[in-house]
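Student: Would you mind keeping the following structure in view while I ask a few things?
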Amino acid sequence: GGWAVCGSHGGTCFELTLTEGARLLSMAGGRPLEDATLGRPVEVRQYLENEGLFERKERESIDKLYGLLSGTGAHPYMAEADQARLLRQLSLTLSQFVLLRLGTALIGSP
């Protein structure tokens, strides 16, 4: 489907990581989370901050990346393939950060 689809998949993976992380945290004894909230990415990110998974500065960074991934179109002076690769790498790196934090929150320190 092209480089735009590749970048989109990175964003989808990132969003699903946050959503499923919030669901798991809620099921593990966090503040109850309504299904409707899981469909609203902004509220999912705020929930994760309120539950202590993220500090404010971390949530703000994640907000910015989410916005960047949601943007469409290539940036001037950057090949579409390079842009897709870099954004995908950023989303995967922050997804790993979320999973590590979630693992610690759910089962304690490794």
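Please note that chains go A, B, ... in the order of the structure tokens, that every chain numbers its residues from 1, and that ligands are numbered from 1 in the order shown.
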Give me, as a PDB file with N, CA and C atoms, in the first residue's frame, all polymer residues having an atom no more than 8 Å from Arg45 in chain A, counting only C-alpha atoms and skipping those fewer than 4 positions away in the same chain.

Tutor:
ATOM      1  N   LEU A  18      -1.375   1.357  23.721  1.00  0.00           N
ATOM      2  CA  LEU A  18      -1.885   2.220  24.790  1.00  0.00           C
ATOM      3  C   LEU A  18      -3.261   1.764  25.256  1.00  0.00           C
ATOM      4  N   PRO A  41      -8.553   8.002  22.147  1.00  0.00           N
ATOM      5  CA  PRO A  41      -7.122   7.983  22.464  1.00  0.00           C
ATOM      6  C   PRO A  41      -6.681   9.033  23.481  1.00  0.00           C
ATOM      7  N   GLU A  49      -1.867   8.328  32.556  1.00  0.00           N
ATOM      8  CA  GLU A  49      -1.161   9.292  33.412  1.00  0.00           C
ATOM      9  C   GLU A  49      -1.792   9.322  34.805  1.00  0.00           C
ATOM     10  N   ARG A  59       3.555  11.713  29.242  1.00  0.00           N
ATOM     11  CA  ARG A  59       2.273  11.727  28.532  1.00  0.00           C
ATOM     12  C   ARG A  59       2.263  12.806  27.462  1.00  0.00           C
ATOM     13  N   ASP A  63       1.639  12.320  23.596  1.00  0.00           N
ATOM     14  CA  ASP A  63       0.629  13.110  22.872  1.00  0.00           C
ATOM     15  C   ASP A  63       1.206  13.681  21.579  1.00  0.00           C
TER      16      ASP A  63
END

Student: Kindly indicate which residue among A:Leu92, A:Leu25, A:Leu16, A:Ala81 lies nearest to Leu48 in chain A, using only C-alpha atoms for the distances.

Tutor: A:Leu25

Student: When DSSP is applied to the backbone of this structure, which of range 11-55 of chain A are assigned helix (DSSP H, G or I)? Write them out as a PyMOL selection string.

Tutor: chain A and resi 11-27+35-38+41-50

Student: Would you save the residues of that selection, restricted to N, CA and C atoms, as a CSV table (one decimal), in the first residue's frame?

Tutor:
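Output file result-v1.csv follows:
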chain,number,residue,atom,x,y,z
A,11,GLY,N,1.3,3.9,13.7
A,11,GLY,CA,0.4,4.6,14.6
A,11,GLY,C,-0.7,3.7,15.2
A,12,THR,N,-1.2,2.8,14.3
A,12,THR,CA,-2.2,1.9,14.8
A,12,THR,C,-1.7,1.0,15.9
A,13,CYS,N,-0.5,0.5,15.7
A,13,CYS,CA,0.2,-0.4,16.7
A,13,CYS,C,0.4,0.4,18.0
A,14,PHE,N,0.8,1.6,17.9
A,14,PHE,CA,1.1,2.4,19.1
A,14,PHE,C,-0.3,2.7,19.8
A,15,GLU,N,-1.3,3.0,19.1
A,15,GLU,CA,-2.6,3.3,19.7
A,15,GLU,C,-3.2,2.0,20.4
A,16,LEU,N,-3.0,0.8,19.7
A,16,LEU,CA,-3.5,-0.4,20.3
A,16,LEU,C,-2.7,-0.8,21.6
A,17,THR,N,-1.4,-0.5,21.6
A,17,THR,CA,-0.6,-0.7,22.8
A,17,THR,C,-1.1,0.1,24.0
A,18,LEU,N,-1.4,1.4,23.7
A,18,LEU,CA,-1.9,2.2,24.8
A,18,LEU,C,-3.3,1.8,25.3
A,19,THR,N,-4.1,1.4,24.3
A,19,THR,CA,-5.5,1.0,24.6
A,19,THR,C,-5.5,-0.3,25.4
A,20,GLU,N,-4.8,-1.3,25.0
A,20,GLU,CA,-4.8,-2.5,25.7
A,20,GLU,C,-4.1,-2.4,27.0
A,21,GLY,N,-3.0,-1.6,27.1
A,21,GLY,CA,-2.4,-1.3,28.3
A,21,GLY,C,-3.3,-0.7,29.4
A,22,ALA,N,-4.1,0.2,28.9
A,22,ALA,CA,-5.1,0.8,29.8
A,22,ALA,C,-6.2,-0.2,30.3
A,23,ARG,N,-6.6,-1.1,29.4
A,23,ARG,CA,-7.5,-2.1,29.7
A,23,ARG,C,-6.9,-3.1,30.8
A,24,LEU,N,-5.7,-3.5,30.6
A,24,LEU,CA,-5.1,-4.4,31.5
A,24,LEU,C,-4.9,-3.7,32.9
A,25,LEU,N,-4.5,-2.5,32.9
A,25,LEU,CA,-4.3,-1.8,34.1
A,25,LEU,C,-5.6,-1.6,34.9
A,26,SER,N,-6.7,-1.4,34.2
A,26,SER,CA,-8.0,-1.3,34.8
A,26,SER,C,-8.4,-2.6,35.4
A,27,MET,N,-8.2,-3.7,34.7
A,27,MET,CA,-8.5,-5.0,35.1
A,27,MET,C,-7.7,-5.5,36.3
A,35,ASP,N,-15.7,1.1,28.5
A,35,ASP,CA,-15.4,0.8,27.1
A,35,ASP,C,-15.4,2.0,26.2
A,36,ALA,N,-16.3,2.9,26.4
A,36,ALA,CA,-16.3,4.1,25.6
A,36,ALA,C,-15.0,4.9,25.6
A,37,THR,N,-14.4,4.9,26.8
A,37,THR,CA,-13.1,5.6,27.0
A,37,THR,C,-12.0,5.0,26.1
A,38,LEU,N,-12.1,3.7,26.0
A,38,LEU,CA,-11.0,3.0,25.2
A,38,LEU,C,-11.1,3.4,23.7
A,41,PRO,N,-8.6,8.0,22.1
A,41,PRO,CA,-7.1,8.0,22.5
A,41,PRO,C,-6.7,9.0,23.5
A,42,VAL,N,-7.2,10.2,23.4
A,42,VAL,CA,-6.8,11.3,24.4
A,42,VAL,C,-7.2,10.8,25.8
A,43,GLU,N,-8.4,10.3,26.0
A,43,GLU,CA,-8.8,9.8,27.3
A,43,GLU,C,-8.0,8.6,27.8
A,44,VAL,N,-7.6,7.8,26.9
A,44,VAL,CA,-6.7,6.6,27.2
A,44,VAL,C,-5.4,7.1,27.8
A,45,ARG,N,-4.8,8.1,27.1
A,45,ARG,CA,-3.5,8.6,27.5
A,45,ARG,C,-3.6,9.3,28.9
A,46,GLN,N,-4.7,10.1,29.1
A,46,GLN,CA,-4.9,10.7,30.3
A,46,GLN,C,-5.2,9.7,31.5
A,47,TYR,N,-5.9,8.6,31.2
A,47,TYR,CA,-6.1,7.6,32.1
A,47,TYR,C,-4.8,7.0,32.6
A,48,LEU,N,-3.9,6.7,31.6
A,48,LEU,CA,-2.6,6.1,31.9
A,48,LEU,C,-1.8,7.0,32.8
A,49,GLU,N,-1.9,8.3,32.6
A,49,GLU,CA,-1.2,9.3,33.4
A,49,GLU,C,-1.8,9.3,34.8
A,50,ASN,N,-3.1,9.4,34.9
A,50,ASN,CA,-3.8,9.4,36.2
A,50,ASN,C,-3.6,8.2,37.0

Student: Would you kindly return, as a ChimeraX atom specification, each protein, DNA or RNA residue with an atom no farther than 12 Å from any atom of Ser61 in chain A, considering only C-alpha atoms and excluding same-chain residues fewer than 2 positions away?

Tutor: /A:45,49,54-59,63-68,90-91,94,97

Student: Okay, now the selection with C-alpha atoms, as an mmCIF file, in the first residue's frame?

Tutor:
data_model
loop_
_atom_site.group_PDB
_atom_site.id
_atom_site.type_symbol
_atom_site.label_atom_id
_atom_site.label_comp_id
_atom_site.auth_asym_id
_atom_site.auth_seq_id
_atom_site.Cartn_x
_atom_site.Cartn_y
_atom_site.Cartn_z
ATOM 1 C CA ARG A 45 -3.495 8.615 27.513
ATOM 2 C CA GLU A 49 -1.161 9.292 33.412
ATOM 3 C CA PHE A 54 3.234 7.999 32.964
ATOM 4 C CA GLU A 55 4.485 11.228 34.404
ATOM 5 C CA ARG A 56 2.999 14.357 32.877
ATOM 6 C CA LYS A 57 6.067 15.071 30.702
ATOM 7 C CA GLU A 58 5.970 11.502 29.386
ATOM 8 C CA ARG A 59 2.273 11.727 28.532
ATOM 9 C CA ASP A 63 0.629 13.110 22.872
ATOM 10 C CA LYS A 64 3.039 14.844 20.504
ATOM 11 C CA LEU A 65 4.111 11.607 18.849
ATOM 12 C CA TYR A 66 0.478 10.564 18.473
ATOM 13 C CA GLY A 67 -0.240 13.883 16.742
ATOM 14 C CA LEU A 68 2.790 13.481 14.499
ATOM 15 C CA LEU A 90 9.558 6.204 17.092
ATOM 16 C CA SER A 91 6.183 4.546 17.588
ATOM 17 C CA LEU A 94 7.535 4.339 22.688
ATOM 18 C CA PHE A 97 8.475 1.994 26.782
#
